[in-house]
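Peer 1: Below you'll find coords.tsv; it's TSV, N, CA and C atoms.
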```
chain	number	residue	atom	x	y	z
H	213	MET	N	0.84	-1.18	0.00
H	213	MET	CA	0.00	0.00	0.00
H	213	MET	C	0.89	1.24	0.00
H	214	ARG	N	0.60	2.13	-0.90
H	214	ARG	CA	1.40	3.35	-1.01
H	214	ARG	C	0.92	4.42	-0.03
H	215	PRO	N	1.82	5.27	0.41
H	215	PRO	CA	1.39	6.40	1.24
H	215	PRO	C	0.49	7.33	0.42
H	216	ALA	N	-0.42	7.99	1.09
H	216	ALA	CA	-1.39	8.85	0.39
H	216	ALA	C	-0.71	9.95	-0.40
H	217	PHE	N	0.39	10.48	0.09
H	217	PHE	CA	1.04	11.59	-0.60
H	217	PHE	C	1.69	11.18	-1.91
H	218	SER	N	1.93	9.88	-2.12
H	218	SER	CA	2.54	9.46	-3.38
H	218	SER	C	1.60	9.71	-4.55
H	219	TYR	N	0.30	9.74	-4.30
H	219	TYR	CA	-0.66	10.04	-5.37
H	219	TYR	C	-0.54	11.49	-5.82
H	220	LEU	N	-0.09	12.35	-4.95
H	220	LEU	CA	0.09	13.76	-5.32
H	220	LEU	C	1.29	13.93	-6.25
H	221	ARG	N	2.35	13.18	-5.99
H	221	ARG	CA	3.57	13.32	-6.79
H	221	ARG	C	3.41	12.84	-8.22
H	222	ASN	N	2.74	11.72	-8.43
H	222	ASN	CA	2.68	11.18	-9.78
H	222	ASN	C	1.43	11.59	-10.54
H	223	GLY	N	0.61	12.44	-9.99
H	223	GLY	CA	-0.55	12.97	-10.70
H	223	GLY	C	-1.76	12.07	-10.71
H	224	ARG	N	-1.71	10.95	-10.00
H	224	ARG	CA	-2.85	10.04	-10.00
H	224	ARG	C	-4.06	10.65	-9.32
H	225	LEU	N	-3.83	11.43	-8.28
H	225	LEU	CA	-4.95	12.07	-7.59
H	225	LEU	C	-5.66	13.02	-8.54
H	226	LEU	N	-4.89	13.81	-9.28
H	226	LEU	CA	-5.49	14.73	-10.24
H	226	LEU	C	-6.26	13.98	-11.32
H	227	THR	N	-5.71	12.87	-11.77
H	227	THR	CA	-6.39	12.05	-12.77
H	227	THR	C	-7.72	11.54	-12.24
H	228	HIS	N	-7.72	11.05	-11.01
H	228	HIS	CA	-8.96	10.56	-10.41
H	228	HIS	C	-9.96	11.70	-10.22
H	229	LEU	N	-9.50	12.84	-9.76
H	229	LEU	CA	-10.40	13.98	-9.57
H	229	LEU	C	-11.01	14.43	-10.90
H	230	LEU	N	-10.21	14.49	-11.94
H	230	LEU	CA	-10.74	14.88	-13.25
H	230	LEU	C	-11.72	13.85	-13.78
H	231	PHE	N	-11.42	12.57	-13.59
H	231	PHE	CA	-12.33	11.52	-14.02
H	231	PHE	C	-13.68	11.66	-13.33
H	232	TRP	N	-13.68	11.83	-12.00
H	232	TRP	CA	-14.94	11.91	-11.27
H	232	TRP	C	-15.66	13.22	-11.54
H	233	LEU	N	-14.93	14.28	-11.82
H	233	LEU	CA	-15.57	15.53	-12.23
H	233	LEU	C	-16.30	15.34	-13.55
H	234	PHE	N	-15.64	14.70	-14.51
H	234	PHE	CA	-16.27	14.41	-15.80
H	234	PHE	C	-17.50	13.51	-15.61
H	235	ALA	N	-17.36	12.47	-14.78
H	235	ALA	CA	-18.49	11.56	-14.52
H	235	ALA	C	-19.64	12.32	-13.88
H	236	PHE	N	-19.33	13.19	-12.92
H	236	PHE	CA	-20.36	14.00	-12.26
H	236	PHE	C	-21.09	14.88	-13.27
H	237	LEU	N	-20.33	15.54	-14.13
H	237	LEU	CA	-20.96	16.43	-15.12
H	237	LEU	C	-21.82	15.65	-16.11
H	238	LEU	N	-21.32	14.53	-16.57
H	238	LEU	CA	-22.08	13.70	-17.51
H	238	LEU	C	-23.36	13.16	-16.86
H	239	LEU	N	-23.24	12.62	-15.65
H	239	LEU	CA	-24.42	12.10	-14.96
H	239	LEU	C	-25.41	13.21	-14.62
H	240	THR	N	-24.90	14.38	-14.27
H	240	THR	CA	-25.80	15.51	-13.99
H	240	THR	C	-26.57	15.89	-15.24
H	241	TYR	N	-25.91	15.90	-16.38
H	241	TYR	CA	-26.60	16.19	-17.64
H	241	TYR	C	-27.69	15.15	-17.91
H	242	ILE	N	-27.35	13.88	-17.74
H	242	ILE	CA	-28.31	12.80	-18.00
H	242	ILE	C	-29.49	12.88	-17.05
H	243	TYR	N	-29.23	12.96	-15.74
H	243	TYR	CA	-30.31	13.00	-14.76
H	243	TYR	C	-31.07	14.32	-14.84
H	244	GLY	N	-30.37	15.42	-15.04
H	244	GLY	CA	-31.04	16.72	-15.15
H	244	GLY	C	-31.98	16.77	-16.34
H	245	THR	N	-31.58	16.17	-17.45
H	245	THR	CA	-32.44	16.11	-18.62
H	245	THR	C	-33.64	15.19	-18.36
H	246	ALA	N	-33.39	14.06	-17.73
H	246	ALA	CA	-34.47	13.11	-17.45
H	246	ALA	C	-35.51	13.70	-16.50
H	247	PHE	N	-35.06	14.42	-15.49
H	247	PHE	CA	-35.98	15.01	-14.52
H	247	PHE	C	-36.48	16.38	-14.94
H	248	ASP	N	-35.94	16.91	-16.02
H	248	ASP	CA	-36.27	18.26	-16.49
H	248	ASP	C	-35.96	19.30	-15.41
H	249	SER	N	-34.91	19.01	-14.63
H	249	SER	CA	-34.49	19.91	-13.56
H	249	SER	C	-33.03	19.62	-13.22
H	250	TYR	N	-32.16	20.55	-13.56
H	250	TYR	CA	-30.74	20.32	-13.27
H	250	TYR	C	-30.41	20.39	-11.78
H	251	PRO	N	-31.06	21.26	-10.99
H	251	PRO	CA	-30.78	21.20	-9.55
H	251	PRO	C	-31.14	19.84	-8.94
H	252	LEU	N	-32.25	19.26	-9.39
H	252	LEU	CA	-32.62	17.93	-8.92
H	252	LEU	C	-31.62	16.89	-9.41
H	253	GLY	N	-31.17	17.03	-10.65
H	253	GLY	CA	-30.17	16.12	-11.20
H	253	GLY	C	-28.88	16.15	-10.40
H	254	VAL	N	-28.43	17.34	-10.02
H	254	VAL	CA	-27.22	17.47	-9.21
H	254	VAL	C	-27.40	16.77	-7.87
H	255	ALA	N	-28.53	17.00	-7.23
H	255	ALA	CA	-28.78	16.39	-5.92
H	255	ALA	C	-28.79	14.87	-6.01
H	256	VAL	N	-29.49	14.34	-7.01
H	256	VAL	CA	-29.57	12.88	-7.15
H	256	VAL	C	-28.20	12.29	-7.46
H	257	VAL	N	-27.45	12.94	-8.33
H	257	VAL	CA	-26.12	12.43	-8.66
H	257	VAL	C	-25.22	12.44	-7.43
H	258	LEU	N	-25.29	13.48	-6.63
H	258	LEU	CA	-24.48	13.53	-5.41
H	258	LEU	C	-24.87	12.42	-4.45
H	259	MET	N	-26.16	12.07	-4.41
H	259	MET	CA	-26.59	10.99	-3.52
H	259	MET	C	-26.12	9.63	-4.01
H	260	LEU	N	-26.06	9.46	-5.33
H	260	LEU	CA	-25.69	8.15	-5.89
H	260	LEU	C	-24.20	8.02	-6.22
H	261	MET	N	-23.46	9.12	-6.17
H	261	MET	CA	-22.05	9.08	-6.55
H	261	MET	C	-21.22	8.11	-5.71
H	262	PRO	N	-21.46	7.99	-4.40
H	262	PRO	CA	-20.67	6.99	-3.64
H	262	PRO	C	-20.86	5.57	-4.16
H	263	VAL	N	-22.06	5.24	-4.62
H	263	VAL	CA	-22.30	3.90	-5.17
H	263	VAL	C	-21.53	3.73	-6.48
H	264	HIS	N	-21.56	4.74	-7.33
H	264	HIS	CA	-20.80	4.69	-8.58
H	264	HIS	C	-19.31	4.52	-8.30
H	265	MET	N	-18.81	5.27	-7.33
H	265	MET	CA	-17.39	5.21	-7.01
H	265	MET	C	-16.99	3.85	-6.44
H	266	LEU	N	-17.82	3.31	-5.56
H	266	LEU	CA	-17.54	2.00	-4.99
H	266	LEU	C	-17.51	0.94	-6.08
H	267	TYR	N	-18.46	1.00	-7.00
H	267	TYR	CA	-18.51	0.05	-8.12
H	267	TYR	C	-17.24	0.14	-8.96
H	268	TYR	N	-16.86	1.35	-9.31
H	268	TYR	CA	-15.67	1.56	-10.14
H	268	TYR	C	-14.41	1.02	-9.46
H	269	TYR	N	-14.21	1.39	-8.20
H	269	TYR	CA	-12.98	0.98	-7.53
H	269	TYR	C	-12.96	-0.51	-7.19
H	270	LEU	N	-14.11	-1.12	-6.95
H	270	LEU	CA	-14.14	-2.57	-6.77
H	270	LEU	C	-13.73	-3.28	-8.06
H	271	LEU	N	-14.24	-2.80	-9.19
H	271	LEU	CA	-13.85	-3.42	-10.46
H	271	LEU	C	-12.36	-3.24	-10.73
H	272	ILE	N	-11.88	-2.03	-10.53
H	272	ILE	CA	-10.48	-1.73	-10.85
H	272	ILE	C	-9.51	-2.48	-9.94
H	273	HIS	N	-9.79	-2.50	-8.64
H	273	HIS	CA	-8.82	-3.05	-7.69
H	273	HIS	C	-9.06	-4.51	-7.31
H	274	GLN	N	-10.28	-5.01	-7.48
H	274	GLN	CA	-10.57	-6.38	-7.06
H	274	GLN	C	-10.80	-7.34	-8.23
H	275	VAL	N	-11.37	-6.87	-9.33
H	275	VAL	CA	-11.73	-7.76	-10.43
H	275	VAL	C	-10.67	-7.76	-11.53
H	276	LEU	N	-10.26	-6.58	-11.97
H	276	LEU	CA	-9.31	-6.50	-13.08
H	276	LEU	C	-7.96	-7.18	-12.84
H	277	PRO	N	-7.44	-7.20	-11.62
H	277	PRO	CA	-6.17	-7.92	-11.43
H	277	PRO	C	-6.25	-9.40	-11.84
H	278	PHE	N	-7.40	-10.04	-11.65
H	278	PHE	CA	-7.55	-11.43	-12.09
H	278	PHE	C	-7.48	-11.52	-13.61
H	279	PHE	N	-8.03	-10.53	-14.28
H	279	PHE	CA	-7.99	-10.53	-15.75
H	279	PHE	C	-6.56	-10.44	-16.24
H	280	PHE	N	-5.77	-9.56	-15.64
H	280	PHE	CA	-4.40	-9.36	-16.09
H	280	PHE	C	-3.48	-10.54	-15.72
H	281	LYS	N	-3.91	-11.36	-14.77
H	281	LYS	CA	-3.16	-12.57	-14.42
H	281	LYS	C	-3.60	-13.75	-15.28
H	282	GLY	N	-4.56	-13.52	-16.17
H	282	GLY	CA	-5.04	-14.60	-17.03
H	282	GLY	C	-6.07	-15.50	-16.38
H	283	GLN	N	-6.58	-15.11	-15.23
H	283	GLN	CA	-7.59	-15.90	-14.53
H	283	GLN	C	-8.98	-15.42	-14.95
H	284	TYR	N	-9.38	-15.82	-16.15
H	284	TYR	CA	-10.58	-15.27	-16.77
H	284	TYR	C	-11.87	-15.75	-16.11
H	285	LEU	N	-11.90	-16.99	-15.64
H	285	LEU	CA	-13.11	-17.46	-14.96
H	285	LEU	C	-13.33	-16.72	-13.64
H	286	LYS	N	-12.24	-16.47	-12.90
H	286	LYS	CA	-12.34	-15.68	-11.67
H	286	LYS	C	-12.80	-14.26	-11.99
H	287	THR	N	-12.29	-13.71	-13.09
H	287	THR	CA	-12.68	-12.37	-13.50
H	287	THR	C	-14.18	-12.32	-13.75
H	288	ILE	N	-14.68	-13.29	-14.48
H	288	ILE	CA	-16.11	-13.33	-14.79
H	288	ILE	C	-16.93	-13.53	-13.51
H	289	GLY	N	-16.50	-14.48	-12.68
H	289	GLY	CA	-17.23	-14.75	-11.44
H	289	GLY	C	-17.28	-13.57	-10.50
H	290	TYR	N	-16.11	-12.99	-10.23
H	290	TYR	CA	-16.07	-11.84	-9.34
H	290	TYR	C	-16.74	-10.63	-9.98
H	291	GLY	N	-16.58	-10.48	-11.29
H	291	GLY	CA	-17.25	-9.37	-11.98
H	291	GLY	C	-18.76	-9.46	-11.86
H	292	LEU	N	-19.30	-10.65	-12.06
H	292	LEU	CA	-20.75	-10.84	-11.92
H	292	LEU	C	-21.20	-10.60	-10.48
H	293	ALA	N	-20.41	-11.09	-9.53
H	293	ALA	CA	-20.75	-10.89	-8.12
H	293	ALA	C	-20.77	-9.40	-7.77
H	294	VAL	N	-19.78	-8.67	-8.25
H	294	VAL	CA	-19.72	-7.22	-7.98
H	294	VAL	C	-20.91	-6.53	-8.65
H	295	MET	N	-21.24	-6.93	-9.88
H	295	MET	CA	-22.38	-6.31	-10.57
H	295	MET	C	-23.69	-6.53	-9.83
H	296	VAL	N	-23.90	-7.75	-9.35
H	296	VAL	CA	-25.14	-8.04	-8.62
H	296	VAL	C	-25.17	-7.26	-7.31
H	297	LEU	N	-24.05	-7.28	-6.58
H	297	LEU	CA	-23.97	-6.54	-5.32
H	297	LEU	C	-24.25	-5.06	-5.54
H	298	MET	N	-23.65	-4.49	-6.56
H	298	MET	CA	-23.82	-3.06	-6.80
H	298	MET	C	-25.22	-2.73	-7.31
H	299	ALA	N	-25.83	-3.63	-8.08
H	299	ALA	CA	-27.20	-3.42	-8.53
H	299	ALA	C	-28.15	-3.37	-7.32
H	300	VAL	N	-27.94	-4.28	-6.37
H	300	VAL	CA	-28.76	-4.29	-5.15
H	300	VAL	C	-28.51	-3.02	-4.34
H	301	LEU	N	-27.26	-2.67	-4.14
H	301	LEU	CA	-26.92	-1.47	-3.38
H	301	LEU	C	-27.47	-0.21	-4.04
H	302	TYR	N	-27.36	-0.13	-5.37
H	302	TYR	CA	-27.86	1.02	-6.12
H	302	TYR	C	-29.38	1.13	-5.95
H	303	ARG	N	-30.06	0.00	-6.07
H	303	ARG	CA	-31.52	0.02	-5.93
H	303	ARG	C	-31.93	0.40	-4.52
H	304	LEU	N	-31.23	-0.09	-3.51
H	304	LEU	CA	-31.52	0.30	-2.13
H	304	LEU	C	-31.31	1.79	-1.93
H	305	ALA	N	-30.26	2.33	-2.52
H	305	ALA	CA	-30.02	3.77	-2.43
H	305	ALA	C	-31.16	4.54	-3.10
H	306	GLU	N	-31.64	4.03	-4.21
H	306	GLU	CA	-32.77	4.69	-4.88
H	306	GLU	C	-34.02	4.64	-4.00
H	307	ILE	N	-34.34	3.48	-3.47
H	307	ILE	CA	-35.56	3.30	-2.70
H	307	ILE	C	-35.55	4.16	-1.43
H	308	PHE	N	-34.45	4.12	-0.70
H	308	PHE	CA	-34.43	4.75	0.61
H	308	PHE	C	-33.88	6.18	0.63
H	309	ILE	N	-33.18	6.59	-0.43
H	309	ILE	CA	-32.57	7.92	-0.40
H	309	ILE	C	-33.10	8.80	-1.53
H	310	THR	N	-32.87	8.40	-2.78
H	310	THR	CA	-33.19	9.33	-3.87
H	310	THR	C	-34.67	9.42	-4.18
H	311	ASP	N	-35.39	8.29	-4.19
H	311	ASP	CA	-36.82	8.35	-4.51
H	311	ASP	C	-37.60	9.24	-3.53
H	312	PRO	N	-37.40	9.08	-2.21
H	312	PRO	CA	-38.10	10.00	-1.30
H	312	PRO	C	-37.73	11.47	-1.54
H	313	TYR	N	-36.45	11.72	-1.87
H	313	TYR	CA	-36.04	13.09	-2.14
H	313	TYR	C	-36.72	13.62	-3.39
H	314	ILE	N	-36.81	12.80	-4.44
H	314	ILE	CA	-37.45	13.23	-5.69
H	314	ILE	C	-38.92	13.54	-5.45
H	315	VAL	N	-39.61	12.68	-4.70
H	315	VAL	CA	-41.02	12.92	-4.39
H	315	VAL	C	-41.16	14.22	-3.60
H	316	TRP	N	-40.29	14.41	-2.59
H	316	TRP	CA	-40.33	15.66	-1.82
H	316	TRP	C	-40.10	16.86	-2.72
H	317	TYR	N	-39.15	16.76	-3.64
H	317	TYR	CA	-38.80	17.87	-4.53
H	317	TYR	C	-40.00	18.28	-5.38
H	318	TYR	N	-40.67	17.30	-5.96
H	318	TYR	CA	-41.81	17.62	-6.82
H	318	TYR	C	-43.05	18.02	-6.02
H	319	LYS	N	-43.18	17.52	-4.79
H	319	LYS	CA	-44.32	17.91	-3.95
H	319	LYS	C	-44.24	19.37	-3.50
H	320	ARG	N	-43.07	19.94	-3.52
H	320	ARG	CA	-42.96	21.35	-3.15
H	320	ARG	C	-43.77	22.21	-4.10
H	321	ASP	N	-43.74	21.86	-5.40
H	321	ASP	CA	-44.47	22.64	-6.39
H	321	ASP	C	-45.89	22.13	-6.60
H	322	ASN	N	-46.11	20.84	-6.42
H	322	ASN	CA	-47.41	20.24	-6.66
H	322	ASN	C	-47.74	19.32	-5.49
H	323	PRO	N	-48.52	19.79	-4.52
H	323	PRO	CA	-48.83	18.97	-3.33
H	323	PRO	C	-49.56	17.67	-3.68
H	324	ASN	N	-50.16	17.56	-4.84
H	324	ASN	CA	-50.88	16.36	-5.23
H	324	ASN	C	-49.99	15.32	-5.90
H	325	PHE	N	-48.71	15.63	-6.07
H	325	PHE	CA	-47.79	14.70	-6.72
H	325	PHE	C	-47.66	13.45	-5.87
H	326	THR	N	-47.76	12.28	-6.50
H	326	THR	CA	-47.68	11.01	-5.75
H	326	THR	C	-46.46	10.20	-6.08
H	327	GLY	N	-45.77	10.50	-7.14
H	327	GLY	CA	-44.59	9.73	-7.50
H	327	GLY	C	-44.93	8.59	-8.44
H	328	PRO	N	-43.94	7.83	-8.82
H	328	PRO	CA	-44.15	6.79	-9.82
H	328	PRO	C	-44.87	5.55	-9.30
H	329	ARG	N	-45.00	5.39	-7.99
H	329	ARG	CA	-45.58	4.15	-7.46
H	329	ARG	C	-47.05	4.26	-7.25
```
Rewrite the structure of this file - the entire thing - as structure tokens.

Peer 2:
Amino acid sequence: MRPAFSYLRNGRLLTHLLFWLFAFLLLTYIYGTAFDSYPLGVAVVLMLMPVHMLYYYLLIHQVLPFFFKGQYLKTIGYGLAVMVLMAVLYRLAEIFITDPYIVWYYKRDNPNFTGPR
């Protein structure tokens, strides 16, 4: 394990920050367009970003090393396990965090709004 400051010297921290900034902007555009509200899109993306980040780093640090070692069945197995785990976690985040926030957001303007369910 490398010391945290080594990421500053070789530019990896900047690379990660730029990657996540780009991902944030792209996801904000997608969600903002879907909800027809960019402030709501920003809020939802911020709520779901930890799940996206966890998924990305699990794939990069836990699954891909098996691929580069030629262990393709392990790569597929662990990759599928991570995908299922993250799909469940993502859906739980939607149910318990983002969906209630979206309903609250739209109810501010329309008290009769009931949501998709």

Peer 1: Could you tell me how far atom N of H:Val254 lies from atom CA of H:Thr227, in Å and to one decimal?

Peer 2: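 Separation between atom N of H:Val254 and atom CA of H:Thr227: 22.8 Å.
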
Peer 1: Taking (-14.7, -1.5, -8.0) in the file's coordinates as the center, which residues reach within 12 Å of it, counting only C-alpha atoms, put as a PDB file with N, CA and C atoms, in the coordinates of the input?

Peer 2:
```
ATOM      1  N   PRO H 262     -21.460   7.990  -4.400  1.00  0.00           N
ATOM      2  CA  PRO H 262     -20.670   6.990  -3.640  1.00  0.00           C
ATOM      3  C   PRO H 262     -20.860   5.570  -4.160  1.00  0.00           C
ATOM      4  N   VAL H 263     -22.060   5.240  -4.620  1.00  0.00           N
ATOM      5  CA  VAL H 263     -22.300   3.900  -5.170  1.00  0.00           C
ATOM      6  C   VAL H 263     -21.530   3.730  -6.480  1.00  0.00           C
ATOM      7  N   HIS H 264     -21.560   4.740  -7.330  1.00  0.00           N
ATOM      8  CA  HIS H 264     -20.800   4.690  -8.580  1.00  0.00           C
ATOM      9  C   HIS H 264     -19.310   4.520  -8.300  1.00  0.00           C
ATOM     10  N   MET H 265     -18.810   5.270  -7.330  1.00  0.00           N
ATOM     11  CA  MET H 265     -17.390   5.210  -7.010  1.00  0.00           C
ATOM     12  C   MET H 265     -16.990   3.850  -6.440  1.00  0.00           C
ATOM     13  N   LEU H 266     -17.820   3.310  -5.560  1.00  0.00           N
ATOM     14  CA  LEU H 266     -17.540   2.000  -4.990  1.00  0.00           C
ATOM     15  C   LEU H 266     -17.510   0.940  -6.080  1.00  0.00           C
ATOM     16  N   TYR H 267     -18.460   1.000  -7.000  1.00  0.00           N
ATOM     17  CA  TYR H 267     -18.510   0.050  -8.120  1.00  0.00           C
ATOM     18  C   TYR H 267     -17.240   0.140  -8.960  1.00  0.00           C
ATOM     19  N   TYR H 268     -16.860   1.350  -9.310  1.00  0.00           N
ATOM     20  CA  TYR H 268     -15.670   1.560 -10.140  1.00  0.00           C
ATOM     21  C   TYR H 268     -14.410   1.020  -9.460  1.00  0.00           C
ATOM     22  N   TYR H 269     -14.210   1.390  -8.200  1.00  0.00           N
ATOM     23  CA  TYR H 269     -12.980   0.980  -7.530  1.00  0.00           C
ATOM     24  C   TYR H 269     -12.960  -0.510  -7.190  1.00  0.00           C
ATOM     25  N   LEU H 270     -14.110  -1.120  -6.950  1.00  0.00           N
ATOM     26  CA  LEU H 270     -14.140  -2.570  -6.770  1.00  0.00           C
ATOM     27  C   LEU H 270     -13.730  -3.280  -8.060  1.00  0.00           C
ATOM     28  N   LEU H 271     -14.240  -2.800  -9.190  1.00  0.00           N
ATOM     29  CA  LEU H 271     -13.850  -3.420 -10.460  1.00  0.00           C
ATOM     30  C   LEU H 271     -12.360  -3.240 -10.730  1.00  0.00           C
ATOM     31  N   ILE H 272     -11.880  -2.030 -10.530  1.00  0.00           N
ATOM     32  CA  ILE H 272     -10.480  -1.730 -10.850  1.00  0.00           C
ATOM     33  C   ILE H 272      -9.510  -2.480  -9.940  1.00  0.00           C
ATOM     34  N   HIS H 273      -9.790  -2.500  -8.640  1.00  0.00           N
ATOM     35  CA  HIS H 273      -8.820  -3.050  -7.690  1.00  0.00           C
ATOM     36  C   HIS H 273      -9.060  -4.510  -7.310  1.00  0.00           C
ATOM     37  N   GLN H 274     -10.280  -5.010  -7.480  1.00  0.00           N
ATOM     38  CA  GLN H 274     -10.570  -6.380  -7.060  1.00  0.00           C
ATOM     39  C   GLN H 274     -10.800  -7.340  -8.230  1.00  0.00           C
ATOM     40  N   VAL H 275     -11.370  -6.870  -9.330  1.00  0.00           N
ATOM     41  CA  VAL H 275     -11.730  -7.760 -10.430  1.00  0.00           C
ATOM     42  C   VAL H 275     -10.670  -7.760 -11.530  1.00  0.00           C
ATOM     43  N   LEU H 276     -10.260  -6.580 -11.970  1.00  0.00           N
ATOM     44  CA  LEU H 276      -9.310  -6.500 -13.080  1.00  0.00           C
ATOM     45  C   LEU H 276      -7.960  -7.180 -12.840  1.00  0.00           C
ATOM     46  N   PRO H 277      -7.440  -7.200 -11.620  1.00  0.00           N
ATOM     47  CA  PRO H 277      -6.170  -7.920 -11.430  1.00  0.00           C
ATOM     48  C   PRO H 277      -6.250  -9.400 -11.840  1.00  0.00           C
ATOM     49  N   TYR H 290     -16.110 -12.990 -10.230  1.00  0.00           N
ATOM     50  CA  TYR H 290     -16.070 -11.840  -9.340  1.00  0.00           C
ATOM     51  C   TYR H 290     -16.740 -10.630  -9.980  1.00  0.00           C
ATOM     52  N   GLY H 291     -16.580 -10.480 -11.290  1.00  0.00           N
ATOM     53  CA  GLY H 291     -17.250  -9.370 -11.980  1.00  0.00           C
ATOM     54  C   GLY H 291     -18.760  -9.460 -11.860  1.00  0.00           C
ATOM     55  N   LEU H 292     -19.300 -10.650 -12.060  1.00  0.00           N
ATOM     56  CA  LEU H 292     -20.750 -10.840 -11.920  1.00  0.00           C
ATOM     57  C   LEU H 292     -21.200 -10.600 -10.480  1.00  0.00           C
ATOM     58  N   ALA H 293     -20.410 -11.090  -9.530  1.00  0.00           N
ATOM     59  CA  ALA H 293     -20.750 -10.890  -8.120  1.00  0.00           C
ATOM     60  C   ALA H 293     -20.770  -9.400  -7.770  1.00  0.00           C
ATOM     61  N   VAL H 294     -19.780  -8.670  -8.250  1.00  0.00           N
ATOM     62  CA  VAL H 294     -19.720  -7.220  -7.980  1.00  0.00           C
ATOM     63  C   VAL H 294     -20.910  -6.530  -8.650  1.00  0.00           C
ATOM     64  N   MET H 295     -21.240  -6.930  -9.880  1.00  0.00           N
ATOM     65  CA  MET H 295     -22.380  -6.310 -10.570  1.00  0.00           C
ATOM     66  C   MET H 295     -23.690  -6.530  -9.830  1.00  0.00           C
ATOM     67  N   LEU H 297     -24.050  -7.280  -6.580  1.00  0.00           N
ATOM     68  CA  LEU H 297     -23.970  -6.540  -5.320  1.00  0.00           C
ATOM     69  C   LEU H 297     -24.250  -5.060  -5.540  1.00  0.00           C
ATOM     70  N   MET H 298     -23.650  -4.490  -6.560  1.00  0.00           N
ATOM     71  CA  MET H 298     -23.820  -3.060  -6.800  1.00  0.00           C
ATOM     72  C   MET H 298     -25.220  -2.730  -7.310  1.00  0.00           C
TER      73      MET H 298
END
```

Peer 1: Rounded to one decimal in Å, what is the spacing between atom CA of H:Ala305 and atom CA of H:Arg320?

Peer 2: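 According to the coordinates, atom CA of H:Ala305 and atom CA of H:Arg320 are separated by 21.8 Å.
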
Peer 1: Give me, please, the distance in Å between atom CA of H:Ala235 and atom CA of H:Met261, quoted to one decimal.

Peer 2: 9.1 Å

Peer 1: Report as a ChimeraX atom specification: the residues of stretch 234-294 of chain H with a DSSP assignment of alpha helix (DSSP H), based on the backbone of this structure.

Peer 2: /H:234-247,250-270,276-280,284-294

Peer 1: Which residue, H:Gly289, H:Lys281, H:Ala299, H:Leu252, has the smallest gap to H:Tyr313 when you use only C-alpha atoms?

Peer 2: H:Leu252
